[in-house]
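File shown: protein-v9.txt. Contents: compact mmCIF, C-alpha atoms (C1' of nucleotides).
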```txt
# COMPACT_ATOMS: atom_id res chain seq x y z
CA MET A 1107 0.00 0.00 0.00
CA ALA A 1108 0.97 3.59 -0.25
CA VAL A 1109 2.70 5.42 2.58
CA ARG A 1110 0.28 5.30 5.48
CA ALA A 1111 0.43 5.17 9.22
CA LYS A 1112 -0.85 2.01 10.84
CA THR A 1113 -2.97 3.66 13.44
CA LEU A 1114 -5.78 5.94 12.43
CA PRO A 1115 -6.66 8.73 12.07
CA VAL A 1116 -3.74 9.92 10.05
CA PRO A 1117 -2.75 13.37 8.90
CA ALA A 1118 -3.37 14.18 5.28
CA ASP A 1119 -0.61 12.63 3.23
CA PRO A 1120 -0.10 13.67 -0.36
CA LEU A 1121 1.68 10.40 -1.05
CA ALA A 1122 -1.20 8.30 0.16
CA CYS A 1123 -3.38 6.86 -2.57
CA CYS A 1124 -6.66 7.42 -0.86
CA ALA A 1125 -8.83 8.73 1.92
CA PRO A 1126 -8.28 7.34 5.42
CA VAL A 1127 -10.40 4.50 6.68
CA SER A 1128 -12.64 5.31 9.58
CA VAL A 1129 -11.33 4.46 13.00
CA ASP A 1130 -14.60 3.28 14.41
CA ALA A 1131 -14.96 0.30 12.12
CA LEU A 1132 -16.20 -3.00 13.44
CA ASP A 1133 -13.85 -4.43 16.04
CA GLU A 1134 -12.74 -7.99 15.63
CA ASP A 1135 -14.70 -9.54 18.49
CA THR A 1136 -17.96 -7.95 17.41
CA ALA A 1137 -17.30 -9.04 13.86
CA VAL A 1138 -16.90 -12.64 14.96
CA LEU A 1139 -20.20 -12.58 16.82
CA LEU A 1140 -22.06 -10.94 13.99
CA ALA A 1141 -20.56 -13.33 11.46
CA GLN A 1142 -21.83 -16.27 13.49
CA SER A 1143 -25.33 -14.86 13.38
CA PHE A 1144 -25.19 -14.16 9.68
CA ALA A 1145 -23.79 -17.63 9.08
CA ALA A 1146 -26.99 -18.98 10.58
CA LEU A 1147 -28.85 -17.16 7.81
CA ALA A 1148 -26.46 -18.25 5.07
CA ASP A 1149 -28.43 -21.35 4.15
CA PRO A 1150 -31.66 -21.47 2.12
CA ILE A 1151 -33.14 -24.18 4.30
CA ARG A 1152 -32.57 -22.21 7.46
CA LEU A 1153 -33.99 -19.06 5.89
CA ARG A 1154 -37.13 -20.95 4.99
CA LEU A 1155 -37.36 -22.56 8.41
CA LEU A 1156 -37.01 -19.15 9.99
CA SER A 1157 -39.59 -17.78 7.60
CA PHE A 1158 -42.04 -20.51 8.57
CA ILE A 1159 -41.64 -19.48 12.18
CA THR A 1160 -41.68 -15.71 11.84
CA SER A 1161 -44.59 -15.63 9.41
CA ALA A 1162 -46.75 -17.65 11.76
CA GLU A 1163 -48.11 -15.72 14.66
CA GLY A 1164 -47.08 -17.35 17.89
CA GLU A 1165 -45.19 -20.61 17.86
CA VAL A 1166 -44.57 -23.41 15.38
CA CYS A 1167 -44.26 -27.11 16.06
CA ALA A 1168 -41.13 -28.91 14.89
CA CYS A 1169 -43.35 -31.57 13.41
CA ASP A 1170 -44.55 -29.05 10.84
CA LEU A 1171 -41.10 -28.09 9.64
CA VAL A 1172 -39.82 -31.35 8.22
CA GLU A 1173 -42.18 -31.86 5.34
CA PRO A 1174 -42.31 -28.31 3.91
CA SER A 1175 -38.55 -28.03 4.11
CA GLY A 1176 -38.05 -31.13 2.00
CA ARG A 1177 -35.26 -32.42 4.20
CA SER A 1178 -34.92 -35.35 6.52
CA GLN A 1179 -35.84 -35.06 10.17
CA PRO A 1180 -32.21 -35.20 11.39
CA THR A 1181 -31.26 -32.48 8.93
CA VAL A 1182 -34.07 -30.21 10.07
CA SER A 1183 -33.16 -30.84 13.69
CA HIS A 1184 -29.57 -29.94 12.86
CA HIS A 1185 -30.56 -26.67 11.21
CA MET A 1186 -32.95 -25.72 13.99
CA LYS A 1187 -30.18 -26.20 16.50
CA ILE A 1188 -28.08 -23.75 14.53
CA LEU A 1189 -30.89 -21.20 14.54
CA VAL A 1190 -31.43 -21.68 18.26
CA ASP A 1191 -27.71 -21.43 19.02
CA ALA A 1192 -27.62 -18.21 17.02
CA GLY A 1193 -30.35 -16.86 19.27
CA LEU A 1194 -32.74 -16.30 16.40
CA VAL A 1195 -35.41 -18.64 17.71
CA THR A 1196 -36.24 -20.23 21.04
CA ARG A 1197 -36.92 -23.89 21.56
CA GLU A 1198 -39.40 -25.23 24.10
CA LYS A 1199 -40.31 -28.85 24.64
CA ARG A 1200 -43.81 -29.53 25.88
CA GLY A 1201 -44.74 -33.15 26.18
CA LEU A 1202 -43.78 -35.01 23.08
CA TRP A 1203 -43.50 -31.97 20.87
CA VAL A 1204 -41.06 -29.12 20.44
CA TRP A 1205 -42.19 -25.55 19.79
CA TYR A 1206 -40.23 -22.76 18.22
CA ARG A 1207 -40.69 -19.02 18.56
CA PRO A 1208 -38.86 -16.17 16.83
CA VAL A 1209 -36.66 -13.79 18.82
CA PRO A 1210 -37.45 -10.37 17.33
CA ALA A 1211 -34.77 -8.58 19.34
CA ARG A 1212 -32.08 -10.69 17.77
CA LEU A 1213 -33.38 -9.99 14.28
CA ASP A 1214 -33.46 -6.31 15.15
CA ALA A 1215 -29.82 -6.48 16.18
CA LEU A 1216 -28.79 -7.97 12.88
CA ARG A 1217 -30.83 -5.43 11.00
CA ALA A 1218 -29.07 -2.69 12.93
CA ALA A 1219 -25.70 -4.16 12.06
CA LEU A 1220 -26.46 -3.71 8.38
CA GLY A 1221 -26.37 -0.01 8.57
CA MET B 515 -45.68 -35.15 11.82
CA ALA B 516 -49.27 -35.29 12.78
CA VAL B 517 -52.05 -35.63 10.25
CA ARG B 518 -51.75 -32.61 8.02
CA ALA B 519 -52.42 -31.72 4.42
CA LYS B 520 -49.37 -30.86 2.35
CA THR B 521 -50.81 -27.74 0.85
CA LEU B 522 -51.80 -24.85 3.03
CA PRO B 523 -54.00 -23.39 4.27
CA VAL B 524 -55.69 -26.31 5.89
CA PRO B 525 -58.95 -26.60 7.76
CA ALA B 526 -58.71 -26.87 11.50
CA ASP B 527 -57.77 -30.43 12.38
CA PRO B 528 -58.18 -31.66 15.93
CA LEU B 529 -55.62 -34.39 15.28
CA ALA B 530 -52.92 -31.97 14.18
CA CYS B 531 -50.34 -31.18 16.80
CA CYS B 532 -50.03 -27.55 16.06
CA ALA B 533 -51.01 -24.38 14.25
CA PRO B 534 -50.65 -24.30 10.47
CA VAL B 535 -47.56 -22.82 8.93
CA SER B 536 -48.13 -19.69 6.93
CA VAL B 537 -48.54 -20.12 3.19
CA ASP B 538 -46.56 -17.07 2.20
CA ALA B 539 -43.27 -18.24 3.58
CA LEU B 540 -40.08 -17.67 1.66
CA ASP B 541 -40.09 -19.51 -1.64
CA GLU B 542 -37.09 -21.65 -2.44
CA ASP B 543 -35.56 -19.50 -5.18
CA THR B 544 -35.72 -16.35 -3.10
CA ALA B 545 -34.24 -18.21 -0.18
CA VAL B 546 -31.27 -19.29 -2.27
CA LEU B 547 -30.59 -15.73 -3.39
CA LEU B 548 -30.90 -14.32 0.09
CA ALA B 549 -28.72 -17.06 1.54
CA GLN B 550 -25.98 -16.17 -0.92
CA SER B 551 -26.06 -12.57 0.23
CA PHE B 552 -26.03 -13.51 3.89
CA ALA B 553 -23.19 -15.93 3.21
CA ALA B 554 -21.15 -12.96 2.07
CA LEU B 555 -21.64 -11.51 5.56
CA ALA B 556 -20.90 -14.75 7.35
CA ASP B 557 -17.23 -14.07 7.80
CA PRO B 558 -15.62 -11.69 10.31
CA ILE B 559 -13.05 -10.47 7.82
CA ARG B 560 -15.68 -9.61 5.26
CA LEU B 561 -17.79 -7.83 7.87
CA ARG B 562 -14.82 -5.72 8.83
CA LEU B 563 -13.92 -5.00 5.22
CA LEU B 564 -17.50 -3.95 4.57
CA SER B 565 -17.42 -1.86 7.72
CA PHE B 566 -14.29 -0.10 6.55
CA ILE B 567 -16.04 0.82 3.34
CA THR B 568 -19.44 1.82 4.69
CA SER B 569 -18.06 3.84 7.57
CA ALA B 570 -15.92 5.91 5.24
CA GLU B 571 -17.81 8.51 3.30
CA GLY B 572 -17.29 7.96 -0.39
CA GLU B 573 -14.92 5.31 -1.62
CA VAL B 574 -12.08 3.28 -0.15
CA CYS B 575 -8.91 2.15 -1.85
CA ALA B 576 -8.06 -1.55 -1.86
CA CYS B 577 -4.57 -0.65 -0.76
CA ASP B 578 -6.00 0.45 2.58
CA LEU B 579 -7.81 -2.77 3.31
CA VAL B 580 -4.97 -5.26 3.50
CA GLU B 581 -3.15 -4.02 6.54
CA PRO B 582 -6.10 -3.31 8.87
CA SER B 583 -7.66 -6.64 8.02
CA GLY B 584 -4.57 -8.53 9.08
CA ARG B 585 -4.74 -10.85 6.09
CA SER B 586 -2.59 -11.33 3.03
CA GLN B 587 -3.27 -9.37 -0.13
CA PRO B 588 -4.61 -12.39 -2.06
CA THR B 589 -6.94 -13.22 0.81
CA VAL B 590 -8.32 -9.69 0.92
CA SER B 591 -8.76 -9.73 -2.84
CA HIS B 592 -10.63 -13.01 -2.53
CA HIS B 593 -12.99 -11.64 0.11
CA MET B 594 -13.59 -8.42 -1.78
CA LYS B 595 -14.58 -10.42 -4.83
CA ILE B 596 -17.16 -12.21 -2.73
CA LEU B 597 -18.57 -8.90 -1.47
CA VAL B 598 -18.66 -7.53 -5.02
CA ASP B 599 -20.29 -10.68 -6.41
CA ALA B 600 -22.90 -10.41 -3.67
CA GLY B 601 -23.65 -6.90 -4.88
CA LEU B 602 -22.82 -5.34 -1.54
CA VAL B 603 -20.00 -3.17 -2.90
CA THR B 604 -18.89 -1.96 -6.30
CA ARG B 605 -15.38 -2.19 -7.63
CA GLU B 606 -13.81 0.40 -9.90
CA LYS B 607 -10.28 0.39 -11.21
CA ARG B 608 -8.71 3.78 -11.84
CA GLY B 609 -5.11 3.73 -12.93
CA LEU B 610 -3.10 1.50 -10.65
CA TRP B 611 -5.62 1.48 -7.83
CA VAL B 612 -8.96 -0.12 -7.16
CA TRP B 613 -11.76 1.71 -5.37
CA TYR B 614 -14.68 0.24 -3.52
CA ARG B 615 -18.03 1.80 -2.75
CA PRO B 616 -20.93 0.45 -0.72
CA VAL B 617 -24.26 -0.36 -2.39
CA PRO B 618 -26.86 0.93 0.10
CA ALA B 619 -29.79 -0.48 -1.86
CA ARG B 620 -28.46 -3.99 -1.45
CA LEU B 621 -27.97 -3.53 2.27
CA ASP B 622 -31.49 -2.18 2.49
CA ALA B 623 -32.79 -5.29 0.75
CA LEU B 624 -31.09 -7.56 3.25
CA ARG B 625 -32.37 -5.48 6.13
CA ALA B 626 -35.87 -5.79 4.72
CA ALA B 627 -35.49 -9.55 4.46
CA LEU B 628 -34.90 -9.73 8.20
CA GLY B 629 -38.41 -8.72 8.95
C1' DC C 854 -44.63 -52.71 31.96
C1' DG C 855 -44.43 -52.51 26.76
C1' DA C 856 -45.50 -50.26 22.33
C1' DA C 857 -45.46 -46.09 19.80
C1' DT C 858 -44.05 -41.49 18.68
C1' DA C 859 -41.17 -36.94 18.52
C1' DG C 860 -37.02 -35.26 18.28
C1' DA C 861 -31.85 -35.23 19.20
C1' DT C 862 -27.38 -37.36 18.48
C1' DC C 863 -23.80 -40.13 16.14
C1' DG C 864 -20.96 -41.42 12.22
C1' DA C 865 -19.74 -41.05 7.62
C1' DT C 866 -19.31 -38.80 3.14
C1' DG C 867 -18.90 -35.34 -0.37
C1' DA C 868 -18.80 -30.37 -0.99
C1' DT C 869 -17.53 -25.83 0.13
C1' DC C 870 -14.63 -22.42 2.54
C1' DG C 871 -10.57 -19.57 4.34
C1' DT C 872 -5.92 -19.09 3.85
C1' DC C 873 -1.42 -18.13 1.74
C1' DA C 874 2.76 -18.54 -1.48
C1' DA C 875 3.63 -18.14 -6.12
C1' DT C 876 2.50 -16.26 -10.34
C1' DG C 877 0.33 -13.33 -13.89
C1' DG C 878 -1.74 -9.06 -15.93
C1' DA C 879 -2.22 -4.23 -16.09
C1' DT C 880 -0.56 0.39 -15.35
C1' DT C 881 2.70 4.07 -14.26
C1' DC C 882 7.24 6.10 -14.05
C1' DT C 883 11.99 6.71 -15.51
C1' DA D 514 12.04 -0.49 -23.12
C1' DG D 515 12.64 -1.73 -18.40
C1' DA D 516 11.60 -1.46 -13.54
C1' DA D 517 8.25 -0.96 -10.08
C1' DT D 518 3.65 -1.16 -8.12
C1' DC D 519 -1.15 -2.72 -7.43
C1' DC D 520 -4.28 -6.21 -7.70
C1' DA D 521 -6.29 -10.69 -9.48
C1' DT D 522 -5.73 -15.56 -10.25
C1' DT D 523 -4.00 -20.19 -9.52
C1' DG D 524 -3.08 -24.21 -6.84
C1' DA D 525 -2.92 -26.48 -2.71
C1' DC D 526 -3.96 -27.39 2.13
C1' DG D 527 -6.72 -28.14 6.29
C1' DA D 528 -11.10 -26.98 8.31
C1' DT D 529 -15.86 -26.56 8.35
C1' DC D 530 -20.47 -27.65 6.50
C1' DA D 531 -24.83 -30.03 4.72
C1' DT D 532 -26.82 -34.24 4.37
C1' DC D 533 -28.76 -38.70 5.59
C1' DG D 534 -29.27 -43.48 7.74
C1' DA D 535 -29.03 -45.55 11.99
C1' DT D 536 -29.52 -45.16 16.69
C1' DC D 537 -30.67 -43.17 21.16
C1' DT D 538 -33.58 -40.63 24.63
C1' DA D 539 -37.70 -38.90 26.40
C1' DT D 540 -42.57 -38.91 26.66
C1' DT D 541 -47.30 -40.61 26.15
C1' DC D 542 -50.73 -44.09 25.92
C1' DG D 543 -52.72 -48.67 26.60
```
Is it possible to give me this structure as structure tokens?
Amino acid sequence: MAVRAKTLPVPADPLACCAPVSVDALDEDTAVLLAQSFAALADPIRLRLLSFITSAEGEVCACDLVEPSGRSQPTVSHHMKILVDAGLVTREKRGLWVWYRPVPARLDALRAALG
Amino acid sequence: MAVRAKTLPVPADPLACCAPVSVDALDEDTAVLLAQSFAALADPIRLRLLSFITSAEGEVCACDLVEPSGRSQPTVSHHMKILVDAGLVTREKRGLWVWYRPVPARLDALRAALG
DNA sequence: CGAATAGATCGATGATCGTCAATGGATTCT
DNA sequence: AGAATCCATTGACGATCATCGATCTATTCG
């Protein structure tokens, strides 16, 4: 790169090729956390599963996710675990069935991170 | 799953375990496209690179992305290509340098997809 | 208790991803 | 033309991921 100090902000430098990068960019730890959340959304199946849950008012039973997703039961269970671990949905077992609910606050946080 | 018609909406069924899933959930093609965009955000390095670009007003030179990211030049180039292919930033070569700009409309679209 | 059901976990496999050294292409300067 | 600089591409490596069949656990019902 052109002549440029490592730490920002920097004084104007006629030799530098470009404008300085903002200091208050995403720090590394925050970036890791956000990336984990976005990774949970980086799969079409999980997006559809999440859509099933958010578009229904209230909760959705796990038993109703397997067939519309077109995947096997273990695969759906795997993906739901990822969504739960990402904090995007909550999981509650009642009797023989498992119920999922969206976590709007978490979705809000991701939306905020986009700008 | 419990007794349930494949196509929704369905009439109330006392044998069904749960409430019907909404019909207007994400269709598969849209889910694939969205997942590709979110996949571009599913990496801490790319989030920081994008942050560098969006937090600076105007454009950012590629030469200023390598050092703060802590990765090699080929790795940064690889990640920037992913961001460009996802439509999140634009790439413009002027002379010896390459300049990146954010694409707010694309970020808006992702934000909208989150709810 | 035993049978049946819902869902999670395990194990394996093929695909994709992040990373970097080496190299190549394009542009500017002398 | 020749040297230098910026950036992309290639090739290779280990790591992670998506998927499913088989199995396990927990719960309900008879």
Original post:
Restricting the calculation to all atoms listed in the file, which member of C:DA868, C:DA861, C:DC854, C:DC873 is positioned closest to chain B?
Top reply: C:DC873
Original post:
If you count only C-alpha atoms (C1' of nucleotides), which residues fall within 10 Å of DC863 (chain C), apart from same-chain ones fewer than 2 positions away, as a ChimeraX atom specification?
Top reply: /C:861,865 /D:535-537
Original post:
Using only C-alpha atoms (C1' of nucleotides), which residues sit within 10 Å of region 855-857 of chain C once same-chain residues fewer than 4 positions away are excluded, as a list in words?
Top reply: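 Here the answer would be DT541, DC542 and DG543 of chain D.
Picture a line from CA of Gly609 (chain B) to C1' of DT881 (chain C); it runs 7.9 Å.
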**OP:** Restrict the distance test to all atoms listed in the file, flag each residue of chain B within 12 Å of chain C, and return the flagged residues as a list in words.
**Re:**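 So the residues of chain B near chain C are Met515, Ala516, Cys531, Ala553, Ala554, Ala556, Asp557, Pro558, Ile559, Arg560, Gly584, Arg585, Ser586, Gln587, Pro588, Thr589, Val590, Ser591, His592, His593, Ile596, Lys607, Arg608, Gly609, Leu610, Trp611 and Val612 of chain B.
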To box region 1141-1145 of chain A, take all atoms listed in the file, fit an axis-aligned box, add 3 Å on each side, and give centre and edge lengths in Å to one decimal, as JSON.
```
{"center_x": -22.9, "center_y": -15.5, "center_z": 11.3, "size_x": 10.8, "size_y": 10.3, "size_z": 10.4}
```
**OP:** Rank nothing, just name the residue among A:Ala1211, A:Leu1132, A:Met1186, A:Ala1137 nearest to Thr568 (chain B), using all atoms listed in the file.
**Re:** A:Leu1132
**OP:** Give the residues of chain D that lie within 9 Å of chain A; count all atoms listed in the file, and format the answer as a list of chain:residue names.
**Re:** D:DT518, D:DC519, D:DA531, D:DT532, D:DC533, D:DA539, D:DT540, D:DT541
Give me, as a tab-separated table, each residue of chain B that comes within 7 Å of chain A, together with its shortest interatomic pair and the distance in Å at one decimal, counting only C-alpha atoms, with rows ordered by chain and rising residue number.
```
residue	atom	partner	partner_atom	distance
B:Met515	CA	A:Cys1169	CA	4.6
B:Cys532	CA	A:Cys1167	CA	5.8
B:Ala533	CA	A:Val1166	CA	6.6
B:Val535	CA	A:Ala1162	CA	5.9
B:Ser536	CA	A:Ala1162	CA	5.4
B:Ala539	CA	A:Ser1157	CA	5.5
B:Leu540	CA	A:Arg1154	CA	5.5
B:Ala545	CA	A:Pro1150	CA	4.8
B:Val546	CA	A:Pro1150	CA	4.9
B:Ala549	CA	A:Ala1148	CA	4.4
B:Gln550	CA	A:Ala1148	CA	6.4
B:Phe552	CA	A:Ala1148	CA	4.9
B:Ala553	CA	A:Ala1148	CA	4.4
B:Leu555	CA	A:Phe1144	CA	6.0
B:Ala556	CA	A:Ala1141	CA	4.4
B:Asp557	CA	A:Ala1141	CA	5.0
B:Pro558	CA	A:Ala1137	CA	4.7
B:Leu561	CA	A:Ala1137	CA	6.1
B:Arg562	CA	A:Leu1132	CA	5.5
B:Ser565	CA	A:Ala1131	CA	5.5
B:Phe566	CA	A:Ala1131	CA	5.6
B:Ser569	CA	A:Ser1128	CA	6.0
B:Ala570	CA	A:Ser1128	CA	5.5
B:Val574	CA	A:Ala1125	CA	6.7
B:Cys575	CA	A:Cys1124	CA	5.8
B:Cys577	CA	A:Met1107	CA	4.7
B:Asp578	CA	A:Met1107	CA	6.5
B:Leu621	CA	A:Leu1220	CA	6.3
B:Arg625	CA	A:Arg1217	CA	5.1
B:Leu628	CA	A:Leu1213	CA	6.3
```
**OP:** Record the distance separating C1' of DT538 (chain D) and CA of Thr1196 (chain A), expressed in Å with one decimal.
**Re:** 20.9 Å
**OP:** Could you check how far C1' of DC520 (chain D) sits from CA of Val617 (chain B), in Å to one decimal?
**Re:** 21.5 Å
How would region 539-568 of chain B read, as a short mmCIF file (atom, residue, chain, number, x, y, z; two decimals), in the coordinates of the input, once N, CA and C atoms are built in?
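The resulting file, selection_20.cif, is shown below:
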```cif
data_model
loop_
_atom_site.label_atom_id
_atom_site.label_comp_id
_atom_site.auth_asym_id
_atom_site.auth_seq_id
_atom_site.Cartn_x
_atom_site.Cartn_y
_atom_site.Cartn_z
N ALA B 539 -44.65 -18.19 3.10
CA ALA B 539 -43.27 -18.24 3.58
C ALA B 539 -42.35 -18.03 2.39
N LEU B 540 -41.09 -17.89 2.69
CA LEU B 540 -40.08 -17.67 1.66
C LEU B 540 -40.08 -18.80 0.65
N ASP B 541 -40.18 -18.45 -0.64
CA ASP B 541 -40.09 -19.51 -1.64
C ASP B 541 -38.62 -19.90 -1.82
N GLU B 542 -38.43 -21.06 -2.42
CA GLU B 542 -37.09 -21.65 -2.44
C GLU B 542 -36.09 -20.80 -3.23
N ASP B 543 -36.50 -20.28 -4.37
CA ASP B 543 -35.56 -19.50 -5.18
C ASP B 543 -35.11 -18.23 -4.46
N THR B 544 -36.07 -17.54 -3.86
CA THR B 544 -35.72 -16.35 -3.10
C THR B 544 -34.79 -16.69 -1.94
N ALA B 545 -35.07 -17.80 -1.31
CA ALA B 545 -34.24 -18.21 -0.18
C ALA B 545 -32.81 -18.45 -0.62
N VAL B 546 -32.63 -19.03 -1.78
CA VAL B 546 -31.27 -19.29 -2.27
C VAL B 546 -30.53 -17.98 -2.50
N LEU B 547 -31.22 -17.02 -3.12
CA LEU B 547 -30.59 -15.73 -3.39
C LEU B 547 -30.23 -15.00 -2.10
N LEU B 548 -31.16 -14.99 -1.17
CA LEU B 548 -30.90 -14.32 0.09
C LEU B 548 -29.76 -15.00 0.85
N ALA B 549 -29.76 -16.32 0.82
CA ALA B 549 -28.72 -17.06 1.54
C ALA B 549 -27.34 -16.72 0.98
N GLN B 550 -27.26 -16.54 -0.33
CA GLN B 550 -25.98 -16.17 -0.92
C GLN B 550 -25.51 -14.81 -0.41
N SER B 551 -26.44 -13.89 -0.28
CA SER B 551 -26.06 -12.57 0.23
C SER B 551 -25.63 -12.65 1.69
N PHE B 552 -26.40 -13.39 2.47
CA PHE B 552 -26.03 -13.51 3.89
C PHE B 552 -24.71 -14.26 4.05
N ALA B 553 -24.46 -15.19 3.14
CA ALA B 553 -23.19 -15.93 3.21
C ALA B 553 -22.01 -14.98 3.04
N ALA B 554 -22.23 -13.94 2.25
CA ALA B 554 -21.15 -12.96 2.07
C ALA B 554 -20.86 -12.23 3.37
N LEU B 555 -21.83 -12.19 4.27
CA LEU B 555 -21.64 -11.51 5.56
C LEU B 555 -21.25 -12.47 6.67
N ALA B 556 -21.12 -13.72 6.33
CA ALA B 556 -20.90 -14.75 7.35
C ALA B 556 -19.43 -14.99 7.64
N ASP B 557 -18.66 -13.95 7.51
CA ASP B 557 -17.23 -14.07 7.80
C ASP B 557 -16.75 -12.78 8.45
N PRO B 558 -16.04 -12.88 9.58
CA PRO B 558 -15.62 -11.69 10.31
C PRO B 558 -14.77 -10.75 9.45
N ILE B 559 -13.90 -11.32 8.66
CA ILE B 559 -13.05 -10.47 7.82
C ILE B 559 -13.89 -9.67 6.85
N ARG B 560 -14.85 -10.33 6.23
CA ARG B 560 -15.68 -9.61 5.26
C ARG B 560 -16.54 -8.56 5.95
N LEU B 561 -17.01 -8.84 7.14
CA LEU B 561 -17.79 -7.83 7.87
C LEU B 561 -16.93 -6.61 8.16
N ARG B 562 -15.69 -6.85 8.53
CA ARG B 562 -14.82 -5.72 8.83
C ARG B 562 -14.46 -4.95 7.56
N LEU B 563 -14.21 -5.67 6.49
CA LEU B 563 -13.92 -5.00 5.22
C LEU B 563 -15.11 -4.14 4.81
N LEU B 564 -16.30 -4.71 4.92
CA LEU B 564 -17.50 -3.95 4.57
C LEU B 564 -17.67 -2.75 5.49
N SER B 565 -17.33 -2.95 6.75
CA SER B 565 -17.42 -1.86 7.72
C SER B 565 -16.46 -0.74 7.37
N PHE B 566 -15.26 -1.11 6.97
CA PHE B 566 -14.29 -0.10 6.55
C PHE B 566 -14.87 0.76 5.43
N ILE B 567 -15.56 0.12 4.53
CA ILE B 567 -16.04 0.82 3.34
C ILE B 567 -17.29 1.65 3.65
N THR B 568 -18.20 1.08 4.42
CA THR B 568 -19.44 1.82 4.69
C THR B 568 -19.22 2.96 5.67
#
```
